[in-house]
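Below is my_file29.cif, holding mmCIF, C-alpha atoms.
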```
data_target
#
loop_
_atom_site.label_atom_id
_atom_site.label_comp_id
_atom_site.auth_asym_id
_atom_site.auth_seq_id
_atom_site.Cartn_x
_atom_site.Cartn_y
_atom_site.Cartn_z
CA LEU A 1 5.33 20.76 -8.14
CA SER A 2 1.79 21.51 -9.32
CA LYS A 3 2.54 25.19 -8.71
CA VAL A 4 6.29 25.36 -9.26
CA MET A 5 6.42 23.76 -12.71
CA PRO A 6 3.79 26.06 -14.30
CA ALA A 7 5.53 29.07 -12.73
CA LEU A 8 8.70 28.05 -14.56
CA GLY A 9 6.85 27.56 -17.84
CA LEU A 10 7.41 23.81 -17.57
CA ALA A 11 3.88 22.64 -16.80
CA SER A 12 3.87 20.00 -19.54
CA GLU A 13 7.46 18.83 -19.06
CA PRO A 14 8.19 15.45 -17.45
CA VAL A 15 9.91 15.31 -14.07
CA PRO A 16 13.13 13.24 -13.90
CA LEU A 17 13.08 9.98 -11.95
CA TRP A 18 15.72 11.22 -9.49
CA TRP A 19 16.10 14.86 -8.57
CA THR A 20 16.53 17.25 -5.66
CA THR A 21 15.61 20.83 -4.94
CA ASP A 22 16.67 23.45 -2.38
CA PHE A 23 13.92 25.30 -0.54
CA ILE A 24 14.93 28.53 1.19
CA LEU A 25 12.77 29.95 3.98
CA ALA A 26 12.07 33.59 3.08
CA SER A 27 9.92 34.46 6.09
CA PRO A 28 11.24 36.10 9.28
CA VAL A 29 11.90 33.92 12.32
CA GLY A 30 8.69 33.39 14.26
CA THR A 31 6.36 33.49 11.25
CA PRO A 32 3.45 31.06 11.77
CA VAL A 33 3.94 27.90 9.75
CA GLU A 34 0.78 28.44 7.69
CA GLU A 35 2.08 31.88 6.66
CA GLU A 36 5.64 30.90 5.79
CA LYS A 37 6.95 31.64 2.33
CA TRP A 38 9.53 29.41 0.71
CA ILE A 39 11.72 30.07 -2.34
CA VAL A 40 13.00 27.36 -4.66
CA GLY A 41 16.74 27.95 -4.84
CA GLU A 42 17.54 25.41 -7.52
CA PHE A 43 16.61 22.09 -9.04
CA ASN A 44 19.29 19.49 -9.51
CA CYS A 45 18.63 16.61 -11.86
CA SER A 46 22.11 16.29 -13.33
CA CYS A 47 23.29 12.91 -12.07
CA VAL A 48 22.13 13.42 -8.49
CA GLY A 49 23.93 11.03 -6.18
CA ILE A 50 22.57 8.80 -3.41
CA SER A 51 24.43 10.06 -0.37
CA LYS A 52 24.11 6.71 1.40
CA CYS A 53 26.45 5.29 -1.23
CA LEU A 54 29.28 7.76 -0.68
CA PRO A 55 31.46 5.16 1.08
CA ALA A 56 31.84 3.50 -2.34
CA TYR A 57 33.24 6.73 -3.78
CA CYS A 58 36.97 6.67 -4.54
CA LYS A 59 39.13 9.49 -3.23
CA ALA A 60 42.75 9.96 -2.23
CA ASP A 61 42.46 8.09 1.06
CA THR A 62 40.12 5.36 -0.23
CA PRO A 63 41.32 4.54 -3.75
CA GLU A 64 39.88 1.01 -3.59
CA ALA A 65 36.40 2.01 -2.39
CA CYS A 66 33.64 -0.22 -3.71
CA TYR A 67 30.05 -1.36 -3.27
CA THR A 68 30.82 -3.60 -0.29
CA ASP A 69 32.17 -0.61 1.65
CA ILE A 70 28.67 0.77 2.05
CA PRO A 71 27.35 -0.02 5.56
CA ALA A 72 24.49 -2.50 5.59
CA ASP A 73 21.91 -0.03 6.92
CA ASP A 74 22.89 2.59 4.35
CA LEU A 75 22.85 0.01 1.57
CA ALA A 76 19.37 -1.09 2.57
CA GLU A 77 18.19 2.52 2.37
CA ALA A 78 19.89 3.01 -1.01
CA ASP A 79 18.22 -0.16 -2.26
CA ARG A 80 14.89 1.25 -1.08
CA TYR A 81 15.49 4.37 -3.18
CA GLY A 82 16.32 2.18 -6.16
CA THR A 83 13.12 0.18 -5.70
CA ILE A 84 11.06 3.39 -5.63
CA MET A 85 12.74 4.53 -8.84
CA GLY A 86 12.04 1.18 -10.47
CA CYS A 87 8.35 1.42 -9.60
CA LYS A 88 8.19 4.97 -10.94
CA ALA A 89 9.97 3.96 -14.14
CA LEU A 90 7.56 1.09 -14.66
CA GLY A 91 4.67 3.52 -14.24
CA ILE A 92 6.11 5.82 -16.88
CA LEU A 93 6.36 2.91 -19.27
CA ASP A 94 2.75 1.93 -18.78
CA PRO A 95 0.35 2.86 -21.59
CA VAL A 96 -0.56 6.54 -21.68
CA ASP A 97 -3.54 7.62 -19.57
CA THR A 98 -6.31 8.46 -22.06
CA SER A 99 -9.11 8.57 -19.49
CA THR A 100 -9.64 12.30 -20.07
CA LEU A 101 -10.63 11.68 -23.69
CA PRO A 102 -14.19 10.74 -24.70
CA LYS A 103 -14.64 7.01 -25.20
CA ILE A 104 -16.20 6.73 -28.65
CA ALA A 105 -15.81 3.09 -29.63
CA LYS A 106 -18.12 0.48 -28.13
CA ASP A 107 -15.26 -1.96 -27.69
CA ASP A 108 -11.74 -2.84 -28.86
CA LEU A 109 -12.65 -6.19 -30.37
CA GLY A 110 -9.58 -7.94 -31.79
CA LEU A 111 -7.02 -5.62 -30.19
CA LEU A 112 -4.10 -7.42 -28.57
CA ALA A 113 -3.06 -6.62 -25.01
CA GLN A 114 -0.67 -3.69 -24.74
CA PRO A 115 2.92 -4.67 -23.83
CA LYS A 116 3.81 -3.97 -20.21
CA ASN A 117 7.17 -2.47 -21.16
CA PRO A 118 6.75 -1.01 -24.66
CA VAL A 119 9.78 0.03 -26.65
CA TYR A 120 7.78 3.08 -27.77
CA LYS A 121 4.34 4.36 -26.78
CA GLY A 122 1.99 5.03 -29.68
CA ALA A 123 -1.59 5.80 -30.57
CA LEU A 124 -3.83 5.38 -33.56
CA ALA A 125 -6.09 8.41 -33.97
CA GLN A 126 -9.45 8.25 -35.71
CA ILE A 127 -12.46 10.49 -36.37
CA TYR A 128 -16.02 9.37 -35.67
CA VAL A 129 -18.40 11.54 -37.72
CA ARG A 130 -21.40 11.72 -35.44
CA CYS A 131 -23.82 13.01 -38.07
CA GLN A 132 -23.09 10.18 -40.52
CA PRO A 133 -24.34 6.57 -40.49
CA TYR A 134 -21.96 4.29 -38.59
CA GLY A 135 -19.72 7.28 -37.83
CA GLY A 136 -18.48 7.50 -41.41
CA SER A 137 -18.07 5.23 -44.40
CA ASP A 138 -14.82 3.78 -43.03
CA LYS A 139 -16.10 2.52 -39.67
CA SER A 140 -16.82 -0.87 -38.18
CA SER A 141 -19.87 -1.31 -36.01
CA ASN A 142 -17.94 -0.59 -32.83
CA GLY A 143 -16.85 2.88 -34.00
CA HIS A 144 -13.26 2.10 -34.95
CA ARG A 145 -12.06 2.45 -38.52
CA TYR A 146 -12.36 -0.95 -40.21
CA ASP A 147 -8.59 -1.46 -40.46
CA SER A 148 -7.49 0.12 -37.18
CA ILE A 149 -7.09 -3.15 -35.30
CA PRO A 150 -4.58 -4.74 -37.74
CA PHE A 151 -2.52 -1.56 -37.80
CA ALA A 152 -2.48 -1.32 -34.00
CA ASN A 153 -1.76 -5.03 -33.57
CA GLY A 154 1.17 -4.71 -35.94
CA MET A 155 2.69 -2.11 -33.64
CA ILE A 156 1.99 -4.22 -30.56
CA LYS A 157 3.58 -7.33 -32.12
CA SER A 158 6.70 -5.24 -32.72
CA GLY A 159 6.97 -4.45 -29.02
CA MET A 160 5.31 -1.05 -29.09
CA SER A 161 2.06 0.01 -27.45
CA CYS A 162 -0.66 1.37 -29.74
CA GLN A 163 -3.78 2.75 -28.07
CA LEU A 164 -6.89 3.56 -30.06
CA ILE A 165 -8.16 7.11 -29.59
CA HIS A 166 -10.68 9.38 -31.30
CA TYR A 167 -10.35 13.08 -32.04
CA VAL A 168 -13.40 15.10 -30.96
CA HIS A 169 -13.06 18.75 -31.95
CA GLN A 170 -14.80 19.99 -28.78
CA GLU A 171 -11.99 18.35 -26.79
CA HIS A 172 -9.18 19.71 -28.99
CA SER A 173 -6.90 20.90 -26.16
CA ALA A 174 -7.37 17.77 -24.06
CA PHE A 175 -6.70 15.58 -27.09
CA PHE A 176 -3.39 17.23 -27.92
CA GLY A 177 -2.42 17.34 -24.28
CA VAL A 178 -2.73 13.55 -24.15
CA CYS A 179 -0.99 13.16 -27.51
CA MET A 180 2.12 14.85 -26.14
CA ASN A 181 2.70 11.74 -24.02
CA PHE A 182 2.98 9.42 -27.01
CA ASP A 183 6.16 8.74 -28.97
CA PHE A 184 4.23 8.38 -32.22
CA ILE A 185 0.69 8.78 -33.56
CA ILE A 186 -0.78 7.02 -36.58
CA VAL A 187 -3.53 9.17 -38.07
CA ARG A 188 -6.34 7.25 -39.76
CA CYS A 189 -8.69 10.04 -40.80
CA ASN A 190 -10.36 10.31 -44.20
CA PRO A 191 -10.20 13.73 -45.88
CA GLY A 192 -13.01 15.97 -44.72
CA GLN A 193 -14.02 13.95 -41.66
CA ILE A 194 -13.07 16.57 -39.09
CA LYS A 195 -15.07 19.22 -40.91
CA ALA A 196 -17.99 16.84 -41.44
CA ASP A 197 -18.09 16.30 -37.67
CA GLY A 198 -18.28 20.05 -37.08
CA GLY A 199 -14.61 20.84 -36.61
CA SER A 200 -12.28 22.88 -38.75
#
```

Transcribe the structure of this file into structure tokens.
Amino acid sequence: LSKVMPALGLASEPVPLWWTTDFILASPVGTPVEEEKWIVGEFNCSCVGISKCLPAYCKADTPEACYTDIPADDLAEADRYGTIMGCKALGILDPVDTSTLPKIAKDDLGLLAQPKNPVYKGALAQIYVRCQPYGGSDKSSNGHRYDSIPFANGMIKSGMSCQLIHYVHQEHSAFFGVCMNFDFIIVRCNPGQIKADGGS
């Protein structure tokens, strides 16, 4: 996927929880494995079925087919797939990974714990002006804007996550790459702060 998605112009797009793809061998018979070339025939993410559950599928000769018609071994395997999907879904709902962004603040004093299953994933973006005392006239001693914590906690109390991040103009692309993973961003930046920090 690390090569296929960029080739399709979909490098930044999320991958569905449940999908399939067809790989077609394009090399002649006898080609060494390490030299084989494969072609992606198609991706299918439109309501892909779990084949192990097909016995529960109604058709002319089984109009009353239901869940209990699935053989025990097949049902166990289908349940395993479902468990994998649940784990993946929970991972998607975790707070956004901001580890690629510079850590500016000394701490997050006063910030509530992020909800494990947020209704929406959000961030509160700030600017730390490195050439100014305290990082700017609106900062607390830890580097966050003085009122960032109450704003973020308000989101968290409403069932949303709200992670505190800082914009650093040298990391412009990385910053916006991370921001694409949030559902909303609250910008707490005084006029002129980006320019004062050397950005534009």

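Once the PyMOL selection byres ((chain A and resi 36-43) around 10) is applied to the depicted file, the selected set reads Val4, Trp19, Thr20, Thr21, Asp22, Phe23, Ile24, Leu25, Ala26, Ser27, Pro28, Val29, Gly30, Thr31, Pro32, Val33, Glu34, Glu35, Asn44, Cys45 and Ser46 of chain A.
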
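Remark: for Ala113 of chain A, the closest of the candidate residues A:Ser137, A:Ser161, A:Asn190, A:Gln170 is A:Ser161 (distances computed over all atoms listed in the file).
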
Q | Picked residues, the PyMOL selection byres ((chain A and resi 80-84) around 12), expected as an NGL selection string | A | :A and (17-19 or 49-53 or 73-79 or 85-91)

Q. Which residues, written as a list in words, have at least one atom at most 9 Å from segment 174-185 of chain A, with all atoms listed in the file counted and residues fewer than 4 positions away on the same chain left out?
A. Ser12, Pro95, Val96, Asp97, Thr98, Thr100, Leu101, Tyr120, Lys121, Gly122, Ala123, Leu124, Ala125, Cys162, Ile165, His166, Tyr167, Val168 and His169 of chain A

**Q.** Separation of atom CA of Phe151 of chain A from atom CA of Lys195 of chain A, in Å and rounded to one decimal
**A.** 24.5 Å

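Here atom CA of Asp107 of chain A is placed at a distance of 17.6 Å from atom CA of Arg188 of chain A.
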
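Across the model, the gap from atom CA of Gly110 of chain A to atom CA of Asn153 of chain A is 8.5 Å.
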
(Q) My list of candidates is A:Lys157, A:His172, A:Lys3, A:Lys59. Which is closest to Leu111 of chain A when distances are computed with all atoms listed in the file? (A) A:Lys157

Q) If you count only C-alpha atoms, which residues fall within 10 Å of Leu1 of chain A, apart from same-chain ones fewer than 6 positions away, as number ranges by chain? A) A: 7, 11, 15

Q) Can you list what the PyMOL selection byres ((chain A and resi 117) around 7) grabs from this structure, as a list of chain:residue names? A) A:Leu93, A:Asp94, A:Pro115, A:Lys116, A:Pro118, A:Val119

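Distance check against Arg145 of chain A using only C-alpha atoms: of A:Ala56, A:Cys131, A:Ala105, A:Leu112, the minimum falls on A:Ala105.
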
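Shortest atom-to-atom contact with Ile194 of chain A among A:Pro63, A:Gly135, A:Gly143, A:Gly154: A:Gly135, counting only C-alpha atoms.
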
Q: Point out the residue among A:Ile186, A:Leu164, A:Val48, A:Ala72 with the least atom-to-atom distance to Asp108 of chain A, counting only C-alpha atoms.
A: A:Leu164

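Of the residues listed (A:Thr68, A:Gln193, A:Ser99, A:Ser173), A:Gln193 shows the shortest atom-to-atom separation from Tyr128 of chain A; distances use all atoms listed in the file.
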